[in-house]
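Asks: Below is structure25.txt; it holds compact mmCIF, C-alpha atoms.
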# COMPACT_ATOMS: atom_id res chain seq x y z
CA MET A 1 0.00 0.00 0.00
CA ALA A 2 1.35 3.42 -0.95
CA THR A 3 1.75 6.23 1.55
CA GLY A 4 0.81 9.09 -0.76
CA THR A 5 -1.42 9.94 -3.72
CA LYS A 6 -0.95 11.07 -7.34
CA ILE A 7 1.72 8.40 -7.77
CA ARG A 8 3.97 8.44 -10.84
CA THR A 9 6.67 5.88 -11.67
CA PHE A 10 9.78 6.24 -13.83
CA PHE A 11 10.76 2.81 -15.14
CA ASN A 12 12.61 1.60 -18.24
CA GLY A 13 13.27 5.18 -19.31
CA ALA A 14 9.69 6.49 -19.25
CA TRP A 15 7.19 8.01 -16.85
CA HIS A 16 3.94 6.20 -16.03
CA ASP A 17 0.95 7.77 -14.28
CA GLU A 18 0.47 4.88 -11.88
CA ASP A 19 2.00 2.91 -9.03
CA LEU A 20 3.64 0.61 -11.56
CA ALA A 21 4.70 -2.99 -10.81
CA ILE A 22 8.48 -3.01 -11.34
CA MET A 23 9.92 -6.17 -9.68
CA ARG A 24 9.70 -9.85 -10.59
CA ALA A 25 9.33 -12.71 -8.14
CA ALA A 26 12.82 -14.01 -8.92
CA ASP A 27 14.58 -10.64 -8.80
CA HIS A 28 17.43 -10.73 -6.29
CA GLY A 29 15.93 -7.70 -4.58
CA SER A 30 12.55 -9.42 -4.18
CA TRP A 31 13.72 -12.43 -2.23
CA LEU A 32 17.03 -11.31 -0.72
CA GLY A 33 16.27 -7.67 0.01
CA THR A 34 19.03 -6.06 -2.06
CA THR A 35 17.25 -2.73 -2.38
CA VAL A 36 18.35 0.84 -1.73
CA PHE A 37 16.54 4.12 -2.06
CA ASP A 38 16.78 7.78 -1.23
CA GLY A 39 14.18 10.40 -0.51
CA ALA A 40 14.10 14.03 -1.59
CA ARG A 41 11.26 16.49 -1.22
CA PHE A 42 9.47 18.86 -3.58
CA PHE A 43 7.47 21.67 -1.98
CA ASP A 44 6.80 25.33 -2.73
CA SER A 45 7.86 24.49 -6.32
CA ARG A 46 11.40 23.63 -5.18
CA ALA A 47 13.37 20.43 -4.54
CA PRO A 48 16.04 21.35 -1.96
CA ASP A 49 19.25 19.27 -1.96
CA LEU A 50 17.94 17.07 -4.79
CA GLU A 51 21.46 16.61 -6.14
CA ALA A 52 22.76 15.40 -2.78
CA HIS A 53 19.97 12.80 -2.51
CA CYS A 54 20.52 11.54 -6.05
CA THR A 55 24.26 11.27 -5.42
CA ARG A 56 23.69 9.33 -2.20
CA VAL A 57 21.45 6.70 -3.80
CA ASN A 58 24.38 5.74 -6.04
CA ARG A 59 26.68 5.45 -3.02
CA SER A 60 24.08 3.31 -1.26
CA ALA A 61 23.87 0.99 -4.27
CA GLU A 62 27.62 0.50 -4.27
CA ALA A 63 27.58 -0.28 -0.55
CA LEU A 64 25.12 -3.14 -1.26
CA MET A 65 27.23 -4.34 -4.22
CA ILE A 66 24.55 -3.16 -6.66
CA THR A 67 25.92 -1.56 -9.84
CA PRO A 68 24.49 1.98 -10.26
CA THR A 69 23.17 2.57 -13.77
CA MET A 70 22.18 6.24 -13.62
CA ALA A 71 24.50 9.23 -13.26
CA THR A 72 23.41 11.77 -10.66
CA ALA A 73 22.61 14.33 -13.37
CA ASP A 74 20.41 11.82 -15.21
CA ILE A 75 18.44 10.99 -12.05
CA ILE A 76 17.89 14.71 -11.45
CA THR A 77 16.74 15.24 -15.04
CA ALA A 78 14.28 12.35 -14.84
CA ALA A 79 12.93 13.48 -11.47
CA ARG A 80 12.38 17.05 -12.64
CA GLU A 81 10.59 15.80 -15.74
CA GLY A 82 8.27 13.71 -13.58
CA LEU A 83 7.57 16.62 -11.24
CA LYS A 84 6.12 18.68 -14.09
CA ALA A 85 2.85 16.78 -13.65
CA TYR A 86 2.34 18.24 -10.15
CA GLY A 87 0.92 21.61 -9.24
CA PRO A 88 2.56 24.39 -7.20
CA ASP A 89 0.55 23.43 -4.12
CA ASP A 90 1.66 19.78 -4.23
CA ALA A 91 4.28 18.48 -1.81
CA VAL A 92 5.95 15.41 -3.33
CA TYR A 93 8.20 12.66 -2.01
CA ILE A 94 10.90 11.85 -4.59
CA ARG A 95 12.22 8.30 -4.20
CA PRO A 96 14.92 7.04 -6.60
CA MET A 97 15.72 3.38 -5.98
CA TYR A 98 17.88 0.49 -7.16
CA TRP A 99 17.60 -3.25 -6.67
CA ALA A 100 19.68 -6.22 -7.76
CA LEU A 101 18.16 -8.34 -10.52
CA ASP A 102 20.36 -11.44 -10.44
CA GLY A 103 22.79 -13.22 -8.15
CA ASP A 104 26.13 -14.81 -8.94
CA ALA A 105 26.73 -18.57 -8.90
CA SER A 106 26.07 -18.61 -5.14
CA GLY A 107 22.75 -16.85 -5.62
CA ILE A 108 23.67 -14.59 -2.69
CA VAL A 109 26.07 -12.00 -4.09
CA PRO A 110 24.45 -9.54 -6.53
CA LYS A 111 25.68 -9.97 -10.07
CA ALA A 112 27.48 -6.92 -11.47
CA ASP A 113 25.62 -4.87 -14.07
CA ALA A 114 22.28 -6.57 -13.35
CA THR A 115 20.36 -3.69 -11.82
CA GLY A 116 16.81 -2.44 -11.68
CA PHE A 117 16.12 1.28 -11.33
CA ALA A 118 12.98 3.31 -10.77
CA ILE A 119 11.81 6.64 -9.37
CA SER A 120 8.57 6.83 -7.43
CA LEU A 121 6.83 10.16 -6.92
CA GLU A 122 4.07 10.45 -4.33
CA ALA A 123 2.14 13.51 -3.22
CA ILE A 124 2.60 13.60 0.57
CA PRO A 125 1.80 16.84 2.45
CA MET A 126 4.43 18.49 4.59
CA ALA A 127 3.67 18.36 8.30
CA ASP A 128 1.92 21.30 9.91
CA GLN A 129 4.47 23.64 11.49
CA ASN A 130 2.90 23.00 14.89
CA ALA A 131 3.05 19.20 14.61
CA SER A 132 5.25 17.47 17.19
CA THR A 133 6.06 14.03 18.56
CA THR A 134 7.17 12.26 21.73
CA LEU A 135 10.03 9.82 22.29
CA GLY A 136 10.30 6.61 24.27
CA ARG A 137 13.21 4.22 24.87
CA THR A 138 13.43 0.96 22.98
CA GLN A 139 15.30 -2.28 23.62
CA PHE A 140 16.39 -2.39 19.96
CA ARG A 141 19.64 -0.73 18.88
CA ARG A 142 21.35 0.50 15.76
CA PRO A 143 23.66 -2.08 14.16
CA VAL A 144 27.30 -1.53 13.21
CA LEU A 145 29.05 -1.93 9.86
CA GLU A 146 30.43 -5.32 10.85
CA ASP A 147 26.94 -6.82 11.00
CA ASN A 148 24.82 -4.68 8.69
CA VAL A 149 24.91 -2.19 5.81
CA VAL A 150 24.67 0.96 7.90
CA ASN A 151 26.60 2.90 5.21
CA ALA A 152 23.61 2.65 2.86
CA LYS A 153 20.00 3.78 2.85
CA ALA A 154 18.95 0.18 2.43
CA GLY A 155 15.49 -1.32 2.65
CA CYS A 156 16.79 -4.24 4.73
CA LEU A 157 17.52 -1.88 7.64
CA TYR A 158 13.92 -0.77 8.05
CA PRO A 159 12.35 -3.81 9.76
CA ASN A 160 14.55 -2.90 12.74
CA ASN A 161 13.08 0.62 12.67
CA ALA A 162 9.59 -0.84 12.47
CA ARG A 163 9.99 -2.93 15.61
CA MET A 164 11.37 0.10 17.47
CA LEU A 165 8.29 2.12 16.53
CA THR A 166 5.92 -0.73 17.33
CA GLU A 167 7.45 -1.17 20.78
CA VAL A 168 7.25 2.48 21.85
CA ARG A 169 3.83 3.10 20.32
CA LYS A 170 2.43 0.43 22.60
CA ARG A 171 3.44 2.72 25.47
CA GLY A 172 1.91 5.81 23.86
CA PHE A 173 4.98 7.44 22.32
CA GLY A 174 5.23 8.66 18.74
CA ASN A 175 8.83 7.67 18.04
CA ALA A 176 11.81 5.96 19.65
CA LEU A 177 15.08 7.43 20.88
CA VAL A 178 17.59 4.76 19.90
CA ALA A 179 20.98 3.70 21.24
CA ASP A 180 23.98 2.59 19.26
CA ALA A 181 25.84 -0.63 20.06
CA MET A 182 27.69 1.10 22.92
CA GLY A 183 24.54 2.43 24.57
CA ASN A 184 24.93 6.07 23.52
CA VAL A 185 22.13 7.91 21.71
CA ALA A 186 22.31 7.47 17.93
CA GLU A 187 19.09 8.95 16.52
CA SER A 188 15.36 8.26 16.52
CA ALA A 189 13.72 5.34 14.74
CA THR A 190 13.03 7.51 11.70
CA ALA A 191 15.24 10.59 11.79
CA ASN A 192 18.35 12.24 13.18
CA VAL A 193 18.01 13.96 16.55
CA PHE A 194 19.20 17.26 18.07
CA MET A 195 18.98 18.66 21.59
CA VAL A 196 19.39 22.17 22.93
CA LYS A 197 21.00 23.08 26.27
CA ASP A 198 21.66 26.64 27.44
CA GLY A 199 21.31 27.96 23.88
CA ALA A 200 23.82 25.55 22.30
CA VAL A 201 22.81 22.70 20.00
CA PHE A 202 24.09 19.14 20.37
CA THR A 203 23.68 16.12 18.08
CA PRO A 204 25.15 12.60 18.20
CA ILE A 205 28.48 12.39 16.42
CA PRO A 206 28.37 10.18 13.32
CA ASN A 207 30.04 6.94 14.37
CA GLY A 208 29.05 4.62 11.54
CA THR A 209 25.90 3.26 13.17
CA PHE A 210 23.46 5.65 11.48
CA LEU A 211 23.21 7.81 8.38
CA ALA A 212 24.13 11.39 9.16
CA GLY A 213 21.42 12.88 7.00
CA ILE A 214 21.52 15.50 4.28
CA THR A 215 18.88 17.58 6.07
CA ARG A 216 20.84 17.17 9.32
CA ALA A 217 23.90 18.67 7.63
CA ARG A 218 21.80 21.53 6.27
CA HIS A 219 20.52 22.38 9.76
CA ILE A 220 24.05 22.35 11.17
CA SER A 221 25.25 24.68 8.41
CA ASN A 222 22.32 27.05 8.87
CA LEU A 223 22.71 27.15 12.66
CA ARG A 224 26.42 27.88 12.52
CA ALA A 225 25.89 30.59 9.91
CA ASP A 226 23.32 32.10 12.29
CA GLY A 227 25.87 32.20 15.12
CA THR A 228 24.63 29.20 17.12
CA GLU A 229 27.14 26.75 18.63
CA VAL A 230 26.61 23.22 17.29
CA HIS A 231 28.43 20.28 18.86
CA GLU A 232 28.61 16.82 17.29
CA THR A 233 29.47 14.70 20.29
CA VAL A 234 28.73 11.57 22.30
CA LEU A 235 25.36 11.95 24.03
CA SER A 236 23.62 9.84 26.64
CA PHE A 237 19.95 9.36 27.44
CA ALA A 238 20.61 11.41 30.60
CA ASP A 239 21.73 14.32 28.40
CA PHE A 240 18.38 14.23 26.62
CA ALA A 241 16.49 14.04 29.90
CA ASP A 242 18.33 17.23 30.92
CA ALA A 243 17.81 19.08 27.62
CA ASP A 244 15.90 22.33 27.18
CA GLU A 245 14.62 21.46 23.69
CA VAL A 246 14.71 18.41 21.43
CA PHE A 247 13.84 18.13 17.74
CA LEU A 248 14.13 15.58 14.95
CA SER A 249 15.64 16.19 11.54
CA GLY A 250 14.63 14.16 8.51
CA ASN A 251 13.98 14.61 4.85
CA MET A 252 10.29 13.77 5.05
CA MET A 253 9.24 16.63 7.37
CA LYS A 254 12.54 18.55 7.82
CA VAL A 255 11.99 19.61 11.47
CA THR A 256 9.81 17.85 14.03
CA PRO A 257 9.69 19.29 17.57
CA VAL A 258 9.74 16.80 20.44
CA THR A 259 7.54 17.55 23.44
CA ALA A 260 8.48 14.61 25.68
CA PHE A 261 11.13 11.94 26.22
CA GLU A 262 9.75 9.31 28.58
CA ASP A 263 8.76 11.31 31.71
CA THR A 264 10.60 14.50 30.66
CA GLN A 265 8.48 17.24 29.11
CA TYR A 266 9.74 19.94 26.72
CA GLN A 267 8.36 23.15 25.30
CA ILE A 268 8.70 23.82 21.59
CA GLY A 269 11.45 26.37 22.11
CA PRO A 270 13.00 29.28 20.22
CA VAL A 271 15.92 27.31 18.76
CA THR A 272 13.65 24.66 17.29
CA ARG A 273 11.42 27.33 15.76
CA ARG A 274 14.47 29.16 14.41
CA VAL A 275 15.82 25.97 12.81
CA ARG A 276 12.56 25.51 10.94
CA GLU A 277 12.45 29.15 9.88
CA MET A 278 16.04 29.03 8.61
CA TYR A 279 15.43 25.84 6.63
CA TRP A 280 12.43 27.28 4.81
CA ASP A 281 14.31 30.54 4.15
CA TRP A 282 17.26 28.57 2.76
CA ALA A 283 14.97 26.39 0.62
CA ALA A 284 13.26 29.47 -0.84
CA SER A 285 16.62 30.91 -1.87
CA SER A 286 18.22 27.72 -3.17
Let me see the file written as structure tokens.

Replies:
Amino acid sequence: MATGTKIRTFFNGAWHDEDLAIMRAADHGSWLGTTVFDGARFFDSRAPDLEAHCTRVNRSAEALMITPTMATADIITAAREGLKAYGPDDAVYIRPMYWALDGDASGIVPKADATGFAISLEAIPMADQNASTTLGRTQFRRPVLEDNVVNAKAGCLYPNNARMLTEVRKRGFGNALVADAMGNVAESATANVFMVKDGAVFTPIPNGTFLAGITRARHISNLRADGTEVHETVLSFADFADADEVFLSGNMMKVTPVTAFEDTQYQIGPVTRRVREMYWDWAASS
């Protein structure tokens, strides 16, 4: 089932005005999960950081031993052509994706140069600027490179996210604050995380257990340009319990304020509001 509406699919070099079937039962990606994707956003008639997202999907493919078949510029061109079917009031999720078609003699390792590619466009509204979420702790952790493909935006990583969300939702929380293998905070189940203390901003240092997102990097750049201290550092759950503000950063909704972590309550504070304001100002000028 699709998440959005007005779905268009780019496949085999052409756009189709439907949620097109693109994988076969025997495709390597169908039965062994060799799939990668990325997600950019189109809103207010702009697609901020589209190039960065299209570049990253090729890196993700290589990390899963899938041979990329589209240059970044060609993915951008195809995506922009597909977006012409949407109106200025549409907010669209742009999802380029690769999957392996065949395996080698073992059946396990993807065969070089046997790659499927598609772009899915879905109209999905941006969140209301006053929307927020809450965070709970989960028993599940982020993996490390030695046991999973944490250097890719890979579909096979997402069942772990799903069980995190399922666990905390049973206790009434909207998202999970997740530890890395060492027990330090890594991110949420769906997005990177920031906290504010005494006017300074802190975010977990990228340590190879999670993707340090493109939108995360944009917020850090905007904050520093605005004169705010930003520290990428090791953070504990106690640090978040002691924070003044907490917000999530992800491509889908850009900035999501957090109003609670377990028993700790937060206000949607001035730094969080400023981060959102700066992102939209940057997007309008990009």

Asks: Nearest to Asp102 of chain A: which of A:Thr67, A:Ser120, A:Asn12, A:Ser132 is it, counting only C-alpha atoms?

Replies: A:Thr67

Asks: Given the point (20.1, 3.2, 6.0) in the coordinates of this file, which residues lie within 9 Å, counting all atoms listed in the file, and how would they look as a PDB file with C-alpha atoms, in the coordinates of the input?

Replies:
ATOM      1  CA  VAL A  36      18.350   0.840  -1.730  1.00  0.00           C
ATOM      2  CA  PHE A  37      16.540   4.120  -2.060  1.00  0.00           C
ATOM      3  CA  SER A  60      24.080   3.310  -1.260  1.00  0.00           C
ATOM      4  CA  VAL A 149      24.910  -2.190   5.810  1.00  0.00           C
ATOM      5  CA  VAL A 150      24.670   0.960   7.900  1.00  0.00           C
ATOM      6  CA  ASN A 151      26.600   2.900   5.210  1.00  0.00           C
ATOM      7  CA  ALA A 152      23.610   2.650   2.860  1.00  0.00           C
ATOM      8  CA  LYS A 153      20.000   3.780   2.850  1.00  0.00           C
ATOM      9  CA  ALA A 154      18.950   0.180   2.430  1.00  0.00           C
ATOM     10  CA  GLY A 155      15.490  -1.320   2.650  1.00  0.00           C
ATOM     11  CA  CYS A 156      16.790  -4.240   4.730  1.00  0.00           C
ATOM     12  CA  LEU A 157      17.520  -1.880   7.640  1.00  0.00           C
ATOM     13  CA  TYR A 158      13.920  -0.770   8.050  1.00  0.00           C
ATOM     14  CA  PHE A 210      23.460   5.650  11.480  1.00  0.00           C
ATOM     15  CA  LEU A 211      23.210   7.810   8.380  1.00  0.00           C
TER      16      LEU A 211
END

Asks: Give the answer as one residue: which of A:Ile268, A:Cys54, A:Ala100, A:Ala63 has the shortest atom-to-atom distance to Leu32 of chain A, using all atoms listed in the file?

Replies: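 Nearest candidate to Leu32 of chain A out of A:Ile268, A:Cys54, A:Ala100, A:Ala63: A:Ala100.
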
Asks: When you count all atoms listed in the file, which of these residues is closest to Glu245 of chain A: A:Pro204, A:Gly174, A:Gly199, A:Gly227?

Replies: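 Among the listed residues, the smallest separation from Glu245 of chain A belongs to A:Gly199.
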
Asks: Residues at most 8 Å from Ala241 of chain A, counting all atoms listed in the file, excluding those fewer than 4 positions away in the same chain, as a CSV table (one decimal) with C-alpha atoms, in the coordinates of the input?

Replies:
chain,number,residue,atom,x,y,z
A,237,PHE,CA,20.0,9.4,27.4
A,261,PHE,CA,11.1,11.9,26.2
A,264,THR,CA,10.6,14.5,30.7

Asks: Find the residues near segment 106-110 of chain A: any atom within 8 Å, counting all atoms listed in the file, skip ones fewer than 2 places away on the same chain, and give them as an MDAnalysis selection string.

Replies: chainID A and resid 28 32 34 65:66 100:104 112 114

Asks: For Gly250 of chain A, find every residue with an atom within 10 Å (counting all atoms listed in the file), except residues of its own chain fewer than 3 positions away, and show them as a VMD selection string.

Replies: chain A and resid 39 188 190 to 193 212 to 216 253 to 256

Asks: Would you list the contacts of Glu51 of chain A as a list of chain:residue names, taking every protein, DNA or RNA residue within 7 Å and counting all atoms listed in the file, but skipping same-chain residues closer than 2 positions in sequence?

Replies: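 The residues satisfying every condition are A:Asp49, A:His53, A:Cys54, A:Thr55, A:Thr72, A:Ile76.
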
Asks: Record the distance separating atom CA of Gln139 of chain A and atom CA of Thr35 of chain A, expressed in Å with one decimal.

Replies: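 Computed distance, atom CA of Gln139 of chain A to atom CA of Thr35 of chain A, equals 26.1 Å.
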
Asks: Within 9 Å of Val271 of chain A, counting only C-alpha atoms, which residues qualify if same-chain residues fewer than 4 places away don't, as a count of residues only?

Replies: 7

Asks: Given only C-alpha atoms as the basis, pick out the residue of A:Ser286, A:Thr166, A:Thr228, A:Ser45 nearest to Leu83 of chain A.

Replies: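 Using only C-alpha atoms, the shortest distance to Leu83 of chain A belongs to A:Ser45.
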
Asks: Of the residues A:Met126, A:Ser30, A:Gly136, A:Gly82, which is the one nearest to Gly4 of chain A, using all atoms listed in the file?

Replies: A:Met126

Asks: Take atom CA of Ser249 of chain A and atom CA of Ala123 of chain A and report the distance between them in Å, one decimal.

Replies: 20.2 Å

Asks: Please, what distance in Å, to one decimal, runs between atom CA of Val144 of chain A and atom CA of Asn184 of chain A?

Replies: 13.0 Å

Asks: With distances taken over all atoms listed in the file, which of A:Met23, A:Val185, A:Ile7, A:Ala40 is nearest to Leu121 of chain A?

Replies: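 Closest to Leu121 of chain A, using all atoms listed in the file: A:Ile7.
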
Asks: Can you put N, CA, C and O atoms back into segment 196-215 of chain A and show it as an mmCIF file, keeping the file's coordinate frame?

Replies:
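What ended up in out07.cif:
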data_model
loop_
_atom_site.group_PDB
_atom_site.id
_atom_site.type_symbol
_atom_site.label_atom_id
_atom_site.label_comp_id
_atom_site.auth_asym_id
_atom_site.auth_seq_id
_atom_site.Cartn_x
_atom_site.Cartn_y
_atom_site.Cartn_z
ATOM 1 N N VAL A 196 18.928 20.825 22.616
ATOM 2 C CA VAL A 196 19.390 22.170 22.930
ATOM 3 C C VAL A 196 19.579 22.274 24.431
ATOM 4 O O VAL A 196 18.720 21.853 25.211
ATOM 5 N N LYS A 197 20.723 22.837 24.854
ATOM 6 C CA LYS A 197 21.000 23.080 26.270
ATOM 7 C C LYS A 197 21.704 24.407 26.404
ATOM 8 O O LYS A 197 22.755 24.626 25.798
ATOM 9 N N ASP A 198 21.084 25.316 27.179
ATOM 10 C CA ASP A 198 21.660 26.640 27.440
ATOM 11 C C ASP A 198 22.013 27.367 26.141
ATOM 12 O O ASP A 198 23.055 28.026 26.028
ATOM 13 N N GLY A 199 21.150 27.224 25.137
ATOM 14 C CA GLY A 199 21.310 27.960 23.880
ATOM 15 C C GLY A 199 22.207 27.295 22.860
ATOM 16 O O GLY A 199 22.239 27.731 21.702
ATOM 17 N N ALA A 200 22.958 26.272 23.245
ATOM 18 C CA ALA A 200 23.820 25.550 22.300
ATOM 19 C C ALA A 200 23.092 24.295 21.820
ATOM 20 O O ALA A 200 22.248 23.736 22.521
ATOM 21 N N VAL A 201 23.459 23.858 20.626
ATOM 22 C CA VAL A 201 22.810 22.700 20.000
ATOM 23 C C VAL A 201 23.791 21.531 20.003
ATOM 24 O O VAL A 201 24.981 21.693 19.706
ATOM 25 N N PHE A 202 23.279 20.351 20.310
ATOM 26 C CA PHE A 202 24.090 19.140 20.370
ATOM 27 C C PHE A 202 23.403 18.050 19.535
ATOM 28 O O PHE A 202 22.171 17.936 19.533
ATOM 29 N N THR A 203 24.201 17.236 18.853
ATOM 30 C CA THR A 203 23.680 16.120 18.080
ATOM 31 C C THR A 203 24.678 14.970 18.123
ATOM 32 O O THR A 203 25.890 15.217 18.206
ATOM 33 N N PRO A 204 24.208 13.723 18.127
ATOM 34 C CA PRO A 204 25.150 12.600 18.200
ATOM 35 C C PRO A 204 26.186 12.645 17.070
ATOM 36 O O PRO A 204 25.837 12.907 15.916
ATOM 37 N N ILE A 205 27.418 12.382 17.420
ATOM 38 C CA ILE A 205 28.480 12.390 16.420
ATOM 39 C C ILE A 205 28.328 11.165 15.516
ATOM 40 O O ILE A 205 28.058 10.065 15.982
ATOM 41 N N PRO A 206 28.462 11.345 14.214
ATOM 42 C CA PRO A 206 28.370 10.180 13.320
ATOM 43 C C PRO A 206 29.464 9.174 13.631
ATOM 44 O O PRO A 206 30.650 9.493 13.593
ATOM 45 N N ASN A 207 29.067 7.964 13.977
ATOM 46 C CA ASN A 207 30.040 6.940 14.370
ATOM 47 C C ASN A 207 29.894 5.665 13.553
ATOM 48 O O ASN A 207 30.371 4.607 13.951
ATOM 49 N N GLY A 208 29.198 5.773 12.405
ATOM 50 C CA GLY A 208 29.050 4.620 11.540
ATOM 51 C C GLY A 208 27.874 3.728 11.853
ATOM 52 O O GLY A 208 27.677 2.714 11.187
ATOM 53 N N THR A 209 27.070 4.087 12.857
ATOM 54 C CA THR A 209 25.900 3.260 13.170
ATOM 55 C C THR A 209 24.617 3.822 12.588
ATOM 56 O O THR A 209 23.583 3.152 12.627
ATOM 57 N N PHE A 210 24.657 5.041 12.064
ATOM 58 C CA PHE A 210 23.460 5.650 11.480
ATOM 59 C C PHE A 210 23.881 6.591 10.357
ATOM 60 O O PHE A 210 25.020 7.054 10.309
ATOM 61 N N LEU A 211 22.947 6.860 9.450
ATOM 62 C CA LEU A 211 23.210 7.810 8.380
ATOM 63 C C LEU A 211 23.092 9.226 8.923
ATOM 64 O O LEU A 211 22.042 9.608 9.447
ATOM 65 N N ALA A 212 24.170 9.975 8.816
ATOM 66 C CA ALA A 212 24.130 11.390 9.160
ATOM 67 C C ALA A 212 23.487 12.105 7.974
ATOM 68 O O ALA A 212 24.095 12.277 6.920
ATOM 69 N N GLY A 213 22.248 12.509 8.130
ATOM 70 C CA GLY A 213 21.420 12.880 7.000
ATOM 71 C C GLY A 213 21.804 14.167 6.307
ATOM 72 O O GLY A 213 22.485 15.042 6.850
ATOM 73 N N ILE A 214 21.305 14.302 5.087
ATOM 74 C CA ILE A 214 21.520 15.500 4.280
ATOM 75 C C ILE A 214 20.814 16.694 4.916
ATOM 76 O O ILE A 214 21.375 17.794 4.983
ATOM 77 N N THR A 215 19.602 16.494 5.404
ATOM 78 C CA THR A 215 18.880 17.580 6.070
ATOM 79 C C THR A 215 19.558 17.933 7.397
ATOM 80 O O THR A 215 19.628 19.107 7.782
#
